file final.txt (compact mmCIF, C-alpha atoms)
# COMPACT_ATOMS: atom_id res chain seq x y z
CA MET A 136 5.63 -34.42 -14.91
CA LYS A 137 1.99 -33.59 -15.54
CA ARG A 138 0.85 -30.19 -14.33
CA THR A 139 -1.75 -29.86 -11.59
CA TYR A 140 -4.24 -27.16 -12.50
CA ALA A 141 -6.19 -25.30 -9.84
CA ASP A 142 -9.14 -22.94 -9.83
CA LEU A 143 -9.09 -21.24 -6.45
CA HIS A 144 -12.20 -19.16 -7.01
CA LEU A 145 -15.19 -21.17 -8.09
CA CYS A 146 -18.33 -19.43 -6.86
CA PRO A 147 -21.42 -21.65 -7.16
CA ASN A 148 -24.54 -20.74 -5.25
CA LEU A 149 -24.15 -23.01 -2.20
CA LYS A 150 -27.90 -22.83 -1.59
CA ASN A 151 -28.35 -24.68 -4.88
CA PRO A 152 -26.73 -28.12 -4.36
CA LYS A 153 -27.54 -29.29 -7.91
CA GLN A 154 -25.69 -26.35 -9.48
CA THR A 155 -22.78 -26.77 -7.05
CA GLU A 156 -22.50 -30.46 -7.94
CA ASN A 157 -22.63 -29.74 -11.68
CA MET A 158 -19.94 -27.08 -11.40
CA ILE A 159 -17.65 -29.37 -9.40
CA LYS A 160 -18.08 -32.16 -11.97
CA LYS A 161 -17.48 -29.75 -14.81
CA SER A 162 -14.26 -28.51 -13.17
CA ARG A 163 -12.94 -32.06 -13.29
CA ARG A 164 -14.03 -32.43 -16.93
CA LEU A 165 -12.25 -29.19 -17.84
CA GLY A 166 -9.00 -30.54 -16.43
CA TYR A 167 -8.74 -29.08 -12.93
CA HIS A 168 -7.31 -31.21 -10.14
CA LEU A 169 -7.97 -28.80 -7.31
CA ILE A 170 -10.72 -26.28 -6.63
CA ALA A 171 -11.50 -23.80 -3.87
CA ILE A 172 -15.00 -22.59 -3.13
CA PRO A 173 -15.49 -19.51 -0.92
CA LEU A 174 -17.46 -20.47 2.19
CA PRO A 175 -19.85 -18.25 4.12
CA LEU A 176 -18.19 -16.89 7.28
CA SER A 177 -21.06 -17.95 9.49
CA SER A 178 -21.05 -21.68 8.67
CA VAL A 179 -17.55 -22.67 7.57
CA GLU A 180 -17.42 -26.10 9.23
CA GLU A 181 -20.87 -27.32 8.12
CA GLU A 182 -20.35 -26.40 4.46
CA VAL A 183 -16.85 -27.90 4.28
CA GLU A 184 -18.01 -31.44 5.01
CA TRP A 185 -20.60 -31.81 2.24
CA LEU A 186 -18.43 -29.99 -0.29
CA ARG A 187 -15.49 -32.23 0.54
CA ARG A 188 -17.72 -35.29 0.10
CA MET A 189 -19.04 -34.01 -3.23
CA CYS A 190 -15.53 -33.28 -4.50
CA LYS A 191 -14.32 -36.70 -3.43
CA GLU A 192 -17.08 -38.28 -5.53
CA ALA A 193 -16.02 -36.13 -8.51
CA LYS A 194 -12.36 -37.12 -7.88
CA ILE A 195 -11.19 -33.57 -7.38
CA ASP A 196 -9.29 -32.05 -4.49
CA PHE A 197 -11.28 -29.54 -2.44
CA VAL A 198 -9.72 -26.57 -0.67
CA SER A 199 -11.63 -24.53 1.90
CA ARG A 200 -11.49 -20.78 1.40
CA VAL A 201 -13.06 -17.70 2.89
CA ASP A 202 -13.30 -14.30 1.24
CA LEU A 203 -12.98 -11.50 3.75
CA LYS A 204 -14.39 -8.08 2.92
CA PRO A 205 -13.44 -6.01 5.95
CA LYS A 206 -14.24 -2.33 6.11
CA THR A 207 -11.31 -1.49 8.39
CA SER A 208 -7.93 -3.04 9.13
CA ARG A 209 -9.05 -3.69 12.72
CA GLU A 210 -11.94 -5.79 11.37
CA LEU A 211 -9.50 -7.66 9.13
CA LEU A 212 -7.21 -8.53 12.04
CA LYS A 213 -10.18 -9.74 14.09
CA ASP A 214 -11.38 -12.02 11.23
CA LEU A 215 -7.86 -13.36 10.64
CA ARG A 216 -7.48 -14.30 14.31
CA ARG A 217 -10.83 -16.10 14.24
CA LEU A 218 -10.48 -17.96 10.93
CA ARG A 219 -6.81 -18.62 10.17
CA ARG A 220 -6.69 -22.09 11.77
CA LYS A 221 -10.08 -23.11 10.35
CA VAL A 222 -9.64 -22.71 6.59
CA GLU A 223 -6.89 -23.49 4.10
CA ILE A 224 -7.04 -20.25 2.14
CA ILE A 225 -7.87 -16.72 3.23
CA ALA A 226 -8.52 -14.17 0.52
CA VAL A 227 -9.09 -10.51 1.22
CA THR A 228 -11.15 -8.35 -1.11
CA CYS A 229 -9.65 -4.94 -0.57
CA GLU A 230 -12.22 -2.19 -0.77
CA SER A 231 -10.11 0.50 0.88
CA LYS A 232 -6.44 1.40 0.75
CA GLN A 233 -6.07 0.94 4.50
CA VAL A 234 -7.33 -2.67 4.28
CA ALA A 235 -5.22 -3.35 1.18
CA ARG A 236 -2.02 -2.25 2.93
CA GLN A 237 -2.77 -4.24 6.08
CA ALA A 238 -3.64 -7.37 4.04
CA ALA A 239 -0.47 -7.09 1.96
CA LYS A 240 1.80 -7.06 4.99
CA ASP A 241 0.04 -9.74 7.01
CA HIS A 242 1.54 -13.26 6.76
CA ARG A 243 -1.85 -14.84 7.49
CA VAL A 244 -3.37 -13.55 4.25
CA ASP A 245 -2.89 -15.76 1.19
CA ILE A 246 -4.63 -13.87 -1.58
CA LEU A 247 -5.32 -10.24 -2.39
CA SER A 248 -8.21 -9.53 -4.70
CA PHE A 249 -9.64 -6.25 -5.87
CA PRO A 250 -13.11 -5.23 -7.06
CA THR A 251 -13.66 -4.55 -10.76
CA GLU A 252 -14.30 -0.84 -10.17
CA LEU A 253 -11.11 0.97 -11.13
CA ARG A 254 -11.15 3.42 -8.22
CA LYS A 255 -11.01 0.45 -5.83
CA ARG A 256 -7.95 -1.22 -7.37
CA PHE A 257 -5.18 -0.37 -4.94
CA PHE A 258 -2.45 -2.66 -6.28
CA ASP A 259 0.31 -0.11 -6.86
CA ARG A 260 4.07 -0.21 -6.28
CA ALA A 261 3.74 0.41 -2.51
CA GLU A 262 1.24 -2.44 -2.20
CA ALA A 263 3.46 -4.75 -4.26
CA GLU A 264 6.50 -3.91 -2.14
CA LEU A 265 4.62 -4.89 1.04
CA ALA A 266 3.27 -8.04 -0.64
CA SER A 267 6.73 -9.08 -1.84
CA LYS A 268 7.92 -9.32 1.78
CA THR A 269 5.17 -11.79 2.69
CA THR A 270 3.71 -14.81 0.89
CA VAL A 271 0.59 -13.09 -0.39
CA SER A 272 -0.48 -13.51 -4.05
CA LEU A 273 -2.49 -11.30 -6.36
CA GLU A 274 -5.64 -12.95 -7.69
CA ILE A 275 -7.12 -12.10 -11.06
CA ASP A 276 -10.62 -13.31 -11.82
CA VAL A 277 -11.37 -13.98 -15.47
CA LYS A 278 -15.15 -13.64 -15.12
CA PRO A 279 -15.30 -9.83 -15.58
CA LEU A 280 -13.04 -10.16 -18.62
CA ILE A 281 -15.55 -12.34 -20.41
CA THR A 282 -18.74 -10.71 -19.17
CA LEU A 283 -17.81 -7.04 -19.59
CA LYS A 284 -17.95 -5.53 -23.06
CA GLY A 285 -16.65 -2.35 -24.65
CA LYS A 286 -15.16 0.48 -22.59
CA PRO A 287 -15.40 -1.16 -19.14
CA ARG A 288 -13.43 -4.16 -20.45
CA ILE A 289 -10.85 -1.91 -22.10
CA ARG A 290 -10.33 -0.05 -18.81
CA LEU A 291 -10.11 -3.29 -16.85
CA LEU A 292 -7.54 -4.73 -19.28
CA SER A 293 -5.44 -1.62 -18.97
CA ALA A 294 -5.56 -1.80 -15.13
CA LEU A 295 -4.67 -5.51 -15.19
CA ARG A 296 -1.77 -4.85 -17.57
CA ARG A 297 -0.35 -2.31 -15.13
CA GLU A 298 -0.94 -4.52 -12.07
CA THR A 299 0.63 -7.67 -13.55
CA ALA A 300 3.68 -5.68 -14.65
CA ILE A 301 4.07 -4.30 -11.10
CA ALA A 302 3.57 -7.79 -9.63
CA LYS A 303 6.23 -9.18 -11.95
CA SER A 304 8.77 -6.50 -11.07
CA PHE A 305 8.26 -7.09 -7.31
CA GLN A 306 8.04 -10.88 -7.74
CA VAL A 307 4.54 -11.10 -6.29
CA PRO A 308 2.94 -14.36 -7.49
CA VAL A 309 -0.18 -13.93 -9.63
CA ILE A 310 -2.96 -16.47 -9.66
CA LEU A 311 -5.61 -16.75 -12.34
CA SER A 312 -9.03 -17.95 -11.25
CA SER A 313 -12.31 -18.29 -13.07
CA GLY A 314 -14.56 -16.52 -10.52
CA ALA A 315 -17.38 -18.42 -12.27
CA THR A 316 -20.81 -18.12 -10.72
CA GLU A 317 -22.46 -20.38 -13.31
CA GLU A 318 -21.44 -23.29 -15.51
CA SER A 319 -21.32 -21.33 -18.76
CA LEU A 320 -18.64 -19.01 -17.33
CA MET A 321 -16.21 -21.83 -16.54
CA ARG A 322 -13.16 -22.12 -18.76
CA LYS A 323 -10.28 -24.59 -19.19
CA PRO A 324 -6.92 -23.71 -17.56
CA ARG A 325 -5.32 -23.14 -20.97
CA GLU A 326 -8.19 -20.82 -21.89
CA LEU A 327 -7.63 -18.79 -18.71
CA ALA A 328 -3.96 -18.56 -19.66
CA ALA A 329 -4.88 -17.45 -23.19
CA LEU A 330 -7.12 -14.72 -21.77
CA ALA A 331 -4.17 -13.53 -19.67
CA SER A 332 -2.35 -12.74 -22.90
CA LEU A 333 -4.86 -9.88 -23.30
CA PHE A 334 -3.09 -8.05 -20.49
CA ASP A 335 0.39 -8.99 -21.74
CA MET A 336 1.15 -11.88 -19.41
CA ASP A 337 3.53 -14.22 -21.16
CA LYS A 338 2.39 -17.78 -21.77
CA SER A 339 4.65 -19.53 -19.24
CA SER A 340 3.76 -17.08 -16.42
CA ALA A 341 0.07 -17.46 -17.26
CA ILE A 342 0.28 -21.26 -17.12
CA GLU A 343 2.10 -21.01 -13.78
CA ALA A 344 -0.64 -18.69 -12.56
CA THR A 345 -3.17 -21.49 -13.10
CA SER A 346 -1.00 -24.33 -11.83
CA SER A 347 2.14 -24.00 -9.69
CA ASN A 348 1.31 -20.65 -8.04
CA PRO A 349 -2.08 -21.69 -6.63
CA THR A 350 -0.97 -25.23 -5.75
CA SER A 351 2.03 -23.94 -3.80
CA ILE A 352 -0.29 -21.81 -1.60
CA VAL A 353 -2.40 -24.88 -0.85
CA LYS A 354 0.64 -27.08 -0.17
CA ARG A 355 2.18 -24.50 2.19
CA ASN A 356 -1.04 -23.96 4.13
CA ARG A 357 -1.84 -27.65 4.42
CA SER A 358 1.55 -28.30 5.95
CA LYS A 359 0.99 -25.41 8.40
CA LEU A 360 -2.45 -26.72 9.37
CA SER A 361 -1.23 -30.29 9.88
CA SER A 362 -0.79 -31.55 13.43
CA ASN A 363 2.94 -32.07 12.78
CA PHE A 364 3.59 -28.37 12.26
CA VAL A 365 5.35 -26.66 15.18
CA ALA A 366 6.71 -23.39 13.78
CA PRO A 367 8.08 -22.24 10.41
CA GLY A 368 10.98 -24.61 9.68
CA ILE A 369 10.14 -26.98 12.54
CA ARG A 370 7.84 -29.98 12.20
CA ILE A 371 7.43 -33.29 13.91
CA VAL A 372 8.87 -36.06 11.74
CA ARG A 373 8.28 -39.01 14.06
CA ARG A 374 6.31 -39.74 17.23
CA GLY A 375 6.65 -42.63 19.66
CA LYS A 376 8.77 -44.06 22.44
CA ASP A 377 11.94 -44.45 20.35
CA CYS A 378 12.20 -40.71 19.66
CA MET B 37 12.21 -17.61 -50.34
CA LEU B 38 8.53 -17.59 -49.42
CA LYS B 39 7.95 -19.01 -45.95
CA LYS B 40 5.79 -22.12 -45.73
CA VAL B 41 2.32 -21.39 -44.31
CA ARG B 42 1.95 -23.18 -41.00
CA ARG B 43 -1.58 -23.94 -39.91
CA ARG B 44 -3.27 -25.40 -36.88
CA TYR B 45 -6.57 -27.24 -36.72
CA LEU B 46 -8.65 -26.79 -33.57
CA ALA B 47 -11.39 -29.19 -32.53
CA LEU B 48 -14.03 -27.33 -30.55
CA LYS B 49 -16.85 -28.38 -28.26
CA ILE B 50 -19.80 -26.00 -28.17
CA GLU B 51 -21.82 -25.97 -24.97
CA CYS B 52 -25.18 -24.27 -25.44
CA ASP B 53 -28.82 -24.68 -24.51
CA GLY B 54 -30.32 -25.03 -28.00
CA THR B 55 -28.75 -25.66 -31.40
CA LEU B 56 -26.72 -23.29 -33.53
CA ASN B 57 -26.16 -23.38 -37.25
CA SER B 58 -22.67 -23.12 -38.72
CA ARG B 59 -23.18 -19.53 -39.88
CA GLU B 60 -24.25 -18.31 -36.43
CA PHE B 61 -21.25 -20.10 -34.92
CA ILE B 62 -18.53 -18.80 -37.26
CA ASN B 63 -20.00 -15.26 -37.16
CA ALA B 64 -19.76 -15.33 -33.38
CA VAL B 65 -16.11 -16.45 -33.58
CA TRP B 66 -15.30 -13.70 -36.10
CA ASN B 67 -17.06 -11.10 -33.93
CA ALA B 68 -15.09 -12.20 -30.87
CA VAL B 69 -11.78 -11.99 -32.77
CA LEU B 70 -12.70 -8.58 -34.19
CA THR B 71 -13.78 -7.24 -30.78
CA LEU B 72 -10.59 -8.33 -29.04
CA TYR B 73 -7.95 -7.80 -31.75
CA GLY B 74 -9.53 -5.54 -34.38
CA GLU B 75 -9.38 -5.95 -38.16
CA TYR B 76 -5.58 -5.94 -38.25
CA GLY B 77 -5.35 -8.76 -35.70
CA ALA B 78 -8.18 -10.71 -37.34
CA SER B 79 -6.42 -10.53 -40.70
CA LYS B 80 -3.48 -12.48 -39.26
CA THR B 81 -5.59 -15.38 -38.05
CA ASN B 82 -6.60 -16.92 -41.42
CA LEU B 83 -9.67 -18.24 -39.65
CA ASN B 84 -11.70 -20.85 -41.55
CA LEU B 85 -14.51 -23.21 -40.59
CA ILE B 86 -13.60 -26.71 -41.76
CA ASP B 87 -16.29 -28.87 -40.25
CA TYR B 88 -19.39 -28.32 -38.16
CA ASN B 89 -21.62 -30.90 -36.53
CA SER B 90 -24.67 -29.26 -34.97
CA GLU B 91 -25.96 -32.52 -33.47
CA GLU B 92 -22.79 -33.42 -31.61
CA LYS B 93 -22.00 -29.72 -31.10
CA LEU B 94 -18.49 -30.15 -32.47
CA ALA B 95 -16.60 -27.90 -34.85
CA VAL B 96 -13.22 -27.89 -36.53
CA ILE B 97 -11.58 -24.59 -37.45
CA ARG B 98 -8.30 -23.82 -39.18
CA VAL B 99 -6.10 -20.91 -38.06
CA ALA B 100 -2.57 -19.62 -38.62
CA HIS B 101 -0.24 -21.37 -36.20
CA ALA B 102 1.05 -18.11 -34.68
CA THR B 103 -2.45 -17.04 -33.70
CA VAL B 104 -3.64 -20.12 -31.80
CA GLU B 105 -3.48 -18.33 -28.43
CA MET B 106 -5.37 -15.34 -29.86
CA ILE B 107 -8.11 -17.64 -31.09
CA ARG B 108 -8.19 -19.47 -27.75
CA ALA B 109 -8.72 -16.15 -25.96
CA ALA B 110 -11.37 -15.05 -28.45
CA LEU B 111 -13.24 -18.35 -28.10
CA ALA B 112 -13.07 -18.12 -24.30
CA SER B 113 -14.60 -14.65 -24.43
CA ILE B 114 -17.78 -15.87 -26.15
CA THR B 115 -20.61 -16.11 -23.64
CA ARG B 116 -23.70 -15.62 -25.81
CA ILE B 117 -24.73 -16.25 -29.39
CA GLY B 118 -28.04 -14.55 -30.15
CA ASP B 119 -30.20 -15.21 -27.13
CA LYS B 120 -28.45 -18.47 -26.19
CA SER B 121 -25.89 -18.82 -23.43
CA VAL B 122 -22.79 -20.42 -24.96
CA ALA B 123 -19.34 -21.65 -23.90
CA ILE B 124 -16.79 -22.90 -26.43
CA HIS B 125 -13.92 -25.14 -25.32
CA VAL B 126 -10.88 -26.22 -27.32
CA LEU B 127 -10.71 -30.03 -27.24
CA THR B 128 -7.43 -30.46 -29.06
CA VAL B 129 -5.05 -28.72 -31.45
CA SER B 130 -3.18 -30.35 -34.30
CA GLY B 131 -1.15 -29.60 -37.40
CA THR B 132 -3.13 -31.86 -39.74
CA ILE B 133 -6.75 -32.92 -39.95
CA LYS B 134 -5.70 -36.56 -39.88
CA ALA B 135 -3.83 -36.13 -36.58
CA LEU B 136 -6.71 -34.07 -35.21
CA HIS B 137 -9.17 -36.92 -35.83
CA ARG B 138 -6.75 -39.40 -34.31
CA LYS B 139 -6.39 -37.25 -31.18
CA MET B 140 -10.17 -36.82 -30.92
CA LYS B 141 -10.67 -40.56 -31.17
CA HIS B 142 -8.13 -40.95 -28.39
CA LEU B 143 -10.02 -38.37 -26.28
CA ASN B 144 -13.30 -40.26 -26.73
CA HIS B 145 -11.69 -43.43 -25.38
call {"tool": "encode", "arguments": {"input": "final.txt", "output": "C-alpha cells"}}
result
Amino acid sequence: MKRTYADLHLCPNLKNPKQTENMIKKSRRLGYHLIAIPLPLSSVEEEVEWLRRMCKEAKIDFVSRVDLKPKTSRELLKDLRRLRRKVEIIAVTCESKQVARQAAKDHRVDILSFPTELRKRFFDRAEAELASKTTVSLEIDVKPLITLKGKPRIRLLSALRRETAIAKSFQVPVILSSGATEESLMRKPRELAALASLFDMDKSSAIEATSSNPTSIVKRNRSKLSSNFVAPGIRIVRRGKDC
Amino acid sequence: MLKKVRRRYLALKIECDGTLNSREFINAVWNAVLTLYGEYGASKTNLNLIDYNSEEKLAVIRVAHATVEMIRAALASITRIGDKSVAIHVLTVSGTIKALHRKMKHLNH
C-alpha cells in the first residue's frame, strides 16, 4: 500500500494569500497528501474555511492546527478547554518546564514542540515518561537544521540525538515536520527522513515520522471530533428507527 | 575478491531564482557534504557530476550506493548558492543512467 505523507507544520504567512497558495500547491508537488497549517488563536474558524477550499483545489487534505505558547500551566488548561473541540491538532510549544510537564500529561495535547534554544528544550526522561502514558508526540522541525550553520547546528543536532533516543526508549512517537515559512525551505518527505539520519534516527523510524505517526494523530482526532463519537471506545454505528 | 563497486545515479531538480553554472552547483554540493560529514565522510561518497542542464535546471550526479541517504541529507541542507536562494530536490534514483532516463520520462508523463 502506498504511504501517505504528512507535513503537520507548514507555516506560510496567512496574510499573504499568494504565498500560502503557492506553498500548498508545492506541498502536493513534493508528494504530501496531508498538511497542517497553524492558525491564529483569534480567528480559527474564519481561516479554516478558505484554507480548506484552497487545499481542496490543490487536491491535498487540510488539517486545522493551533500552536499554543502558554506561559503557565493554568493558561495552557484554559486554552485547551476553549480550543479542543474546534481544531484537529493542538501543539504546545513548551517554553517552561512547568508547561512542558503539564502538556506531556494532558490527553488533549497532540504534539509537544520545543524552541531551538537549548536551555528551553525540556524533553528529558521525566518528560518522556509522562508523554508515554498519553498519546502526545514529539515534533521535530527540520527548518532550523537547514538554516542554522556551524556551532548552533552542531549543538541542535546533539540535543535532537539525545531527545530522539529518549523518545525511542519510552516509545513516544516522533513526528518530522518541515516548519517551512517560505517555499525554498520546503523539502520532500524522503529528504526530511534523510535529514533525520543526522541525529541517528534509523531510516524506517524516520519514514514513519513523516507518514504513519502524523497520519495516526489526524485519524484519531477526526474520529473524536465526528458527531458519532460518544466516549473512548464507544461510537454510534447506526441511527434511525430500526436501532 | 574485490567487491564490485555499486553506484547510484540521482536526477536532481534545482529550484532557484536565477541560473547557476555547473561549477557553482557541484561546488555547493561538495561544500554541503563536507560541512555535514567532513572529509572522511565525503571521501566515501564518490560524488561526480554526470550531466547538468542549466536551462531546465536539471542535474544528474553519481554517488556510491551506500551514501545515497548522506547525499540526500546534504542536498536538502543547501539553501543558498552565492546570493541566490536555492532548493535541490531528488527526482529519482537509479542504478544505471539508462534506467534513470526511463524513470524521468515516466515522471514527465
call {"tool": "interface_residues", "arguments": {"input": "final.txt", "of": "chain A", "to": "chain B", "cutoff": "9 Å", "atoms": "all atoms listed in the file", "output": "PyMOL selection string"}}
result
chain A and resi 165+280-282+284-285+318-323+325-333+338
call {"tool": "residues_around", "arguments": {"input": "final.txt", "residues": "Val96 of chain B", "least_positions_apart": "3", "cutoff": "9 Å", "atoms": "all atoms listed in the file", "output": "PDB file with C-alpha atoms, keeping the file's coordinate frame"}}
result
ATOM      1  CA  TYR B  45      -6.570 -27.240 -36.720  1.00  0.00           C
ATOM      2  CA  LEU B  46      -8.650 -26.790 -33.570  1.00  0.00           C
ATOM      3  CA  ALA B  47     -11.390 -29.190 -32.530  1.00  0.00           C
ATOM      4  CA  LEU B  48     -14.030 -27.330 -30.550  1.00  0.00           C
ATOM      5  CA  ASN B  84     -11.700 -20.850 -41.550  1.00  0.00           C
ATOM      6  CA  LEU B  85     -14.510 -23.210 -40.590  1.00  0.00           C
ATOM      7  CA  ILE B  86     -13.600 -26.710 -41.760  1.00  0.00           C
ATOM      8  CA  ASP B  87     -16.290 -28.870 -40.250  1.00  0.00           C
ATOM      9  CA  TYR B  88     -19.390 -28.320 -38.160  1.00  0.00           C
ATOM     10  CA  ASN B  89     -21.620 -30.900 -36.530  1.00  0.00           C
ATOM     11  CA  ILE B 133      -6.750 -32.920 -39.950  1.00  0.00           C
TER      12      ILE B 133
END
call {"tool": "residues_near_point", "arguments": {"input": "final.txt", "point": "(-15.6, -3.0, 7.8)", "cutoff": "12 Å", "atoms": "only C-alpha atoms", "output": "MDAnalysis selection string"}}
result
chainID A and resid 203:214 227:231 233:234
call {"tool": "write_last_selection", "arguments": {"input": "final.txt", "atoms": "C-alpha atoms", "output": "compact mmCIF listing (two decimals), keeping the file's coordinate frame"}}
result
# COMPACT_ATOMS: atom_id res chain seq x y z
CA LEU A 203 -12.98 -11.50 3.75
CA LYS A 204 -14.39 -8.08 2.92
CA PRO A 205 -13.44 -6.01 5.95
CA LYS A 206 -14.24 -2.33 6.11
CA THR A 207 -11.31 -1.49 8.39
CA SER A 208 -7.93 -3.04 9.13
CA ARG A 209 -9.05 -3.69 12.72
CA GLU A 210 -11.94 -5.79 11.37
CA LEU A 211 -9.50 -7.66 9.13
CA LEU A 212 -7.21 -8.53 12.04
CA LYS A 213 -10.18 -9.74 14.09
CA ASP A 214 -11.38 -12.02 11.23
CA VAL A 227 -9.09 -10.51 1.22
CA THR A 228 -11.15 -8.35 -1.11
CA CYS A 229 -9.65 -4.94 -0.57
CA GLU A 230 -12.22 -2.19 -0.77
CA SER A 231 -10.11 0.50 0.88
CA GLN A 233 -6.07 0.94 4.50
CA VAL A 234 -7.33 -2.67 4.28
call {"tool": "axis_aligned_box", "arguments": {"input": "final.txt", "around": "segment 236-245 of chain A", "padding_each_side": "3 Å", "output": "JSON"}}
result
{"center_x": -0.9, "center_y": -9.0, "center_z": 4.3, "size_x": 11.4, "size_y": 19.5, "size_z": 12.3}
call {"tool": "atom_distance", "arguments": {"input": "final.txt", "atom1": "atom CA of Asp337 of chain A", "atom2": "atom CA of Arg254 of chain A"}}
result
26.3 Å
call {"tool": "residues_around", "arguments": {"input": "final.txt", "residues": "Ile310 of chain A", "least_positions_apart": "3", "cutoff": "8 Å", "atoms": "all atoms listed in the file", "output": "ChimeraX atom specification"}}
result
/A:272-275,343-345,348-349
call {"tool": "residues_around", "arguments": {"input": "final.txt", "residues": "Ser58 of chain B", "least_positions_apart": "2", "cutoff": "8 Å", "atoms": "all atoms listed in the file", "output": "list in words"}}
result
Leu56, Glu60, Phe61, Ile62, Tyr88 and Ser90 of chain B
call {"tool": "atom_distance", "arguments": {"input": "final.txt", "atom1": "atom CA of Lys141 of chain B", "atom2": "atom CA of Lys137 of chain A"}}
result
21.3 Å
call {"tool": "atom_distance", "arguments": {"input": "final.txt", "atom1": "atom CA of Trp66 of chain B", "atom2": "atom CA of Arg42 of chain B"}}
result
20.3 Å
call {"tool": "residues_around", "arguments": {"input": "final.txt", "residues": "Glu92 of chain B", "least_positions_apart": "6", "cutoff": "10 Å", "atoms": "all atoms listed in the file", "output": "PyMOL selection string"}}
result
chain B and resi 49-50+55
call {"tool": "closest_residue", "arguments": {"input": "final.txt", "among": "A:Glu184, A:Leu291, A:Ser362, A:Glu223", "to": "Phe249 of chain A", "atoms": "all atoms listed in the file"}}
result
A:Leu291
call {"tool": "closest_residue", "arguments": {"input": "final.txt", "among": "B:Lys120, B:His137, B:His142, B:His101", "to": "Lys40 of chain B", "atoms": "only C-alpha atoms"}}
result
B:His101
call {"tool": "decode", "arguments": {"input": "final.txt", "residues": "segment 82-116 of chain B", "atoms": "C-alpha atoms", "output": "short mmCIF file (atom, residue, chain, number, x, y, z; two decimals), in the first residue's frame"}}
result
data_model
loop_
_atom_site.label_atom_id
_atom_site.label_comp_id
_atom_site.auth_asym_id
_atom_site.auth_seq_id
_atom_site.Cartn_x
_atom_site.Cartn_y
_atom_site.Cartn_z
CA ASN B 82 32.44 9.09 -4.82
CA LEU B 83 30.43 12.12 -5.86
CA ASN B 84 30.55 13.00 -9.58
CA LEU B 85 28.57 15.36 -11.78
CA ILE B 86 27.37 13.43 -14.84
CA ASP B 87 25.05 15.86 -16.55
CA TYR B 88 23.90 19.41 -15.99
CA ASN B 89 21.21 21.33 -17.82
CA SER B 90 21.12 24.96 -16.67
CA GLU B 91 18.07 25.81 -18.80
CA GLU B 92 15.84 23.06 -17.46
CA LYS B 93 17.57 23.26 -14.06
CA LEU B 94 18.19 19.52 -14.01
CA ALA B 95 21.31 17.67 -12.96
CA VAL B 96 22.45 14.07 -12.78
CA ILE B 97 25.03 13.04 -10.20
CA ARG B 98 26.66 9.70 -9.49
CA VAL B 99 27.35 8.53 -5.92
CA ALA B 100 28.33 5.36 -4.09
CA HIS B 101 25.20 3.34 -3.38
CA ALA B 102 25.83 3.22 0.39
CA THR B 103 25.90 7.00 0.63
CA VAL B 104 22.63 7.90 -1.11
CA GLU B 105 20.97 8.96 2.17
CA MET B 106 24.01 11.06 3.09
CA ILE B 107 23.82 12.84 -0.24
CA ARG B 108 20.06 13.31 0.14
CA ALA B 109 20.62 14.98 3.52
CA ALA B 110 23.44 17.14 2.16
CA LEU B 111 21.32 18.25 -0.81
CA ALA B 112 18.40 19.05 1.49
CA SER B 113 20.66 21.24 3.62
CA ILE B 114 21.52 23.56 0.72
CA THR B 115 19.54 26.78 0.99
CA ARG B 116 21.77 29.29 -0.81
#
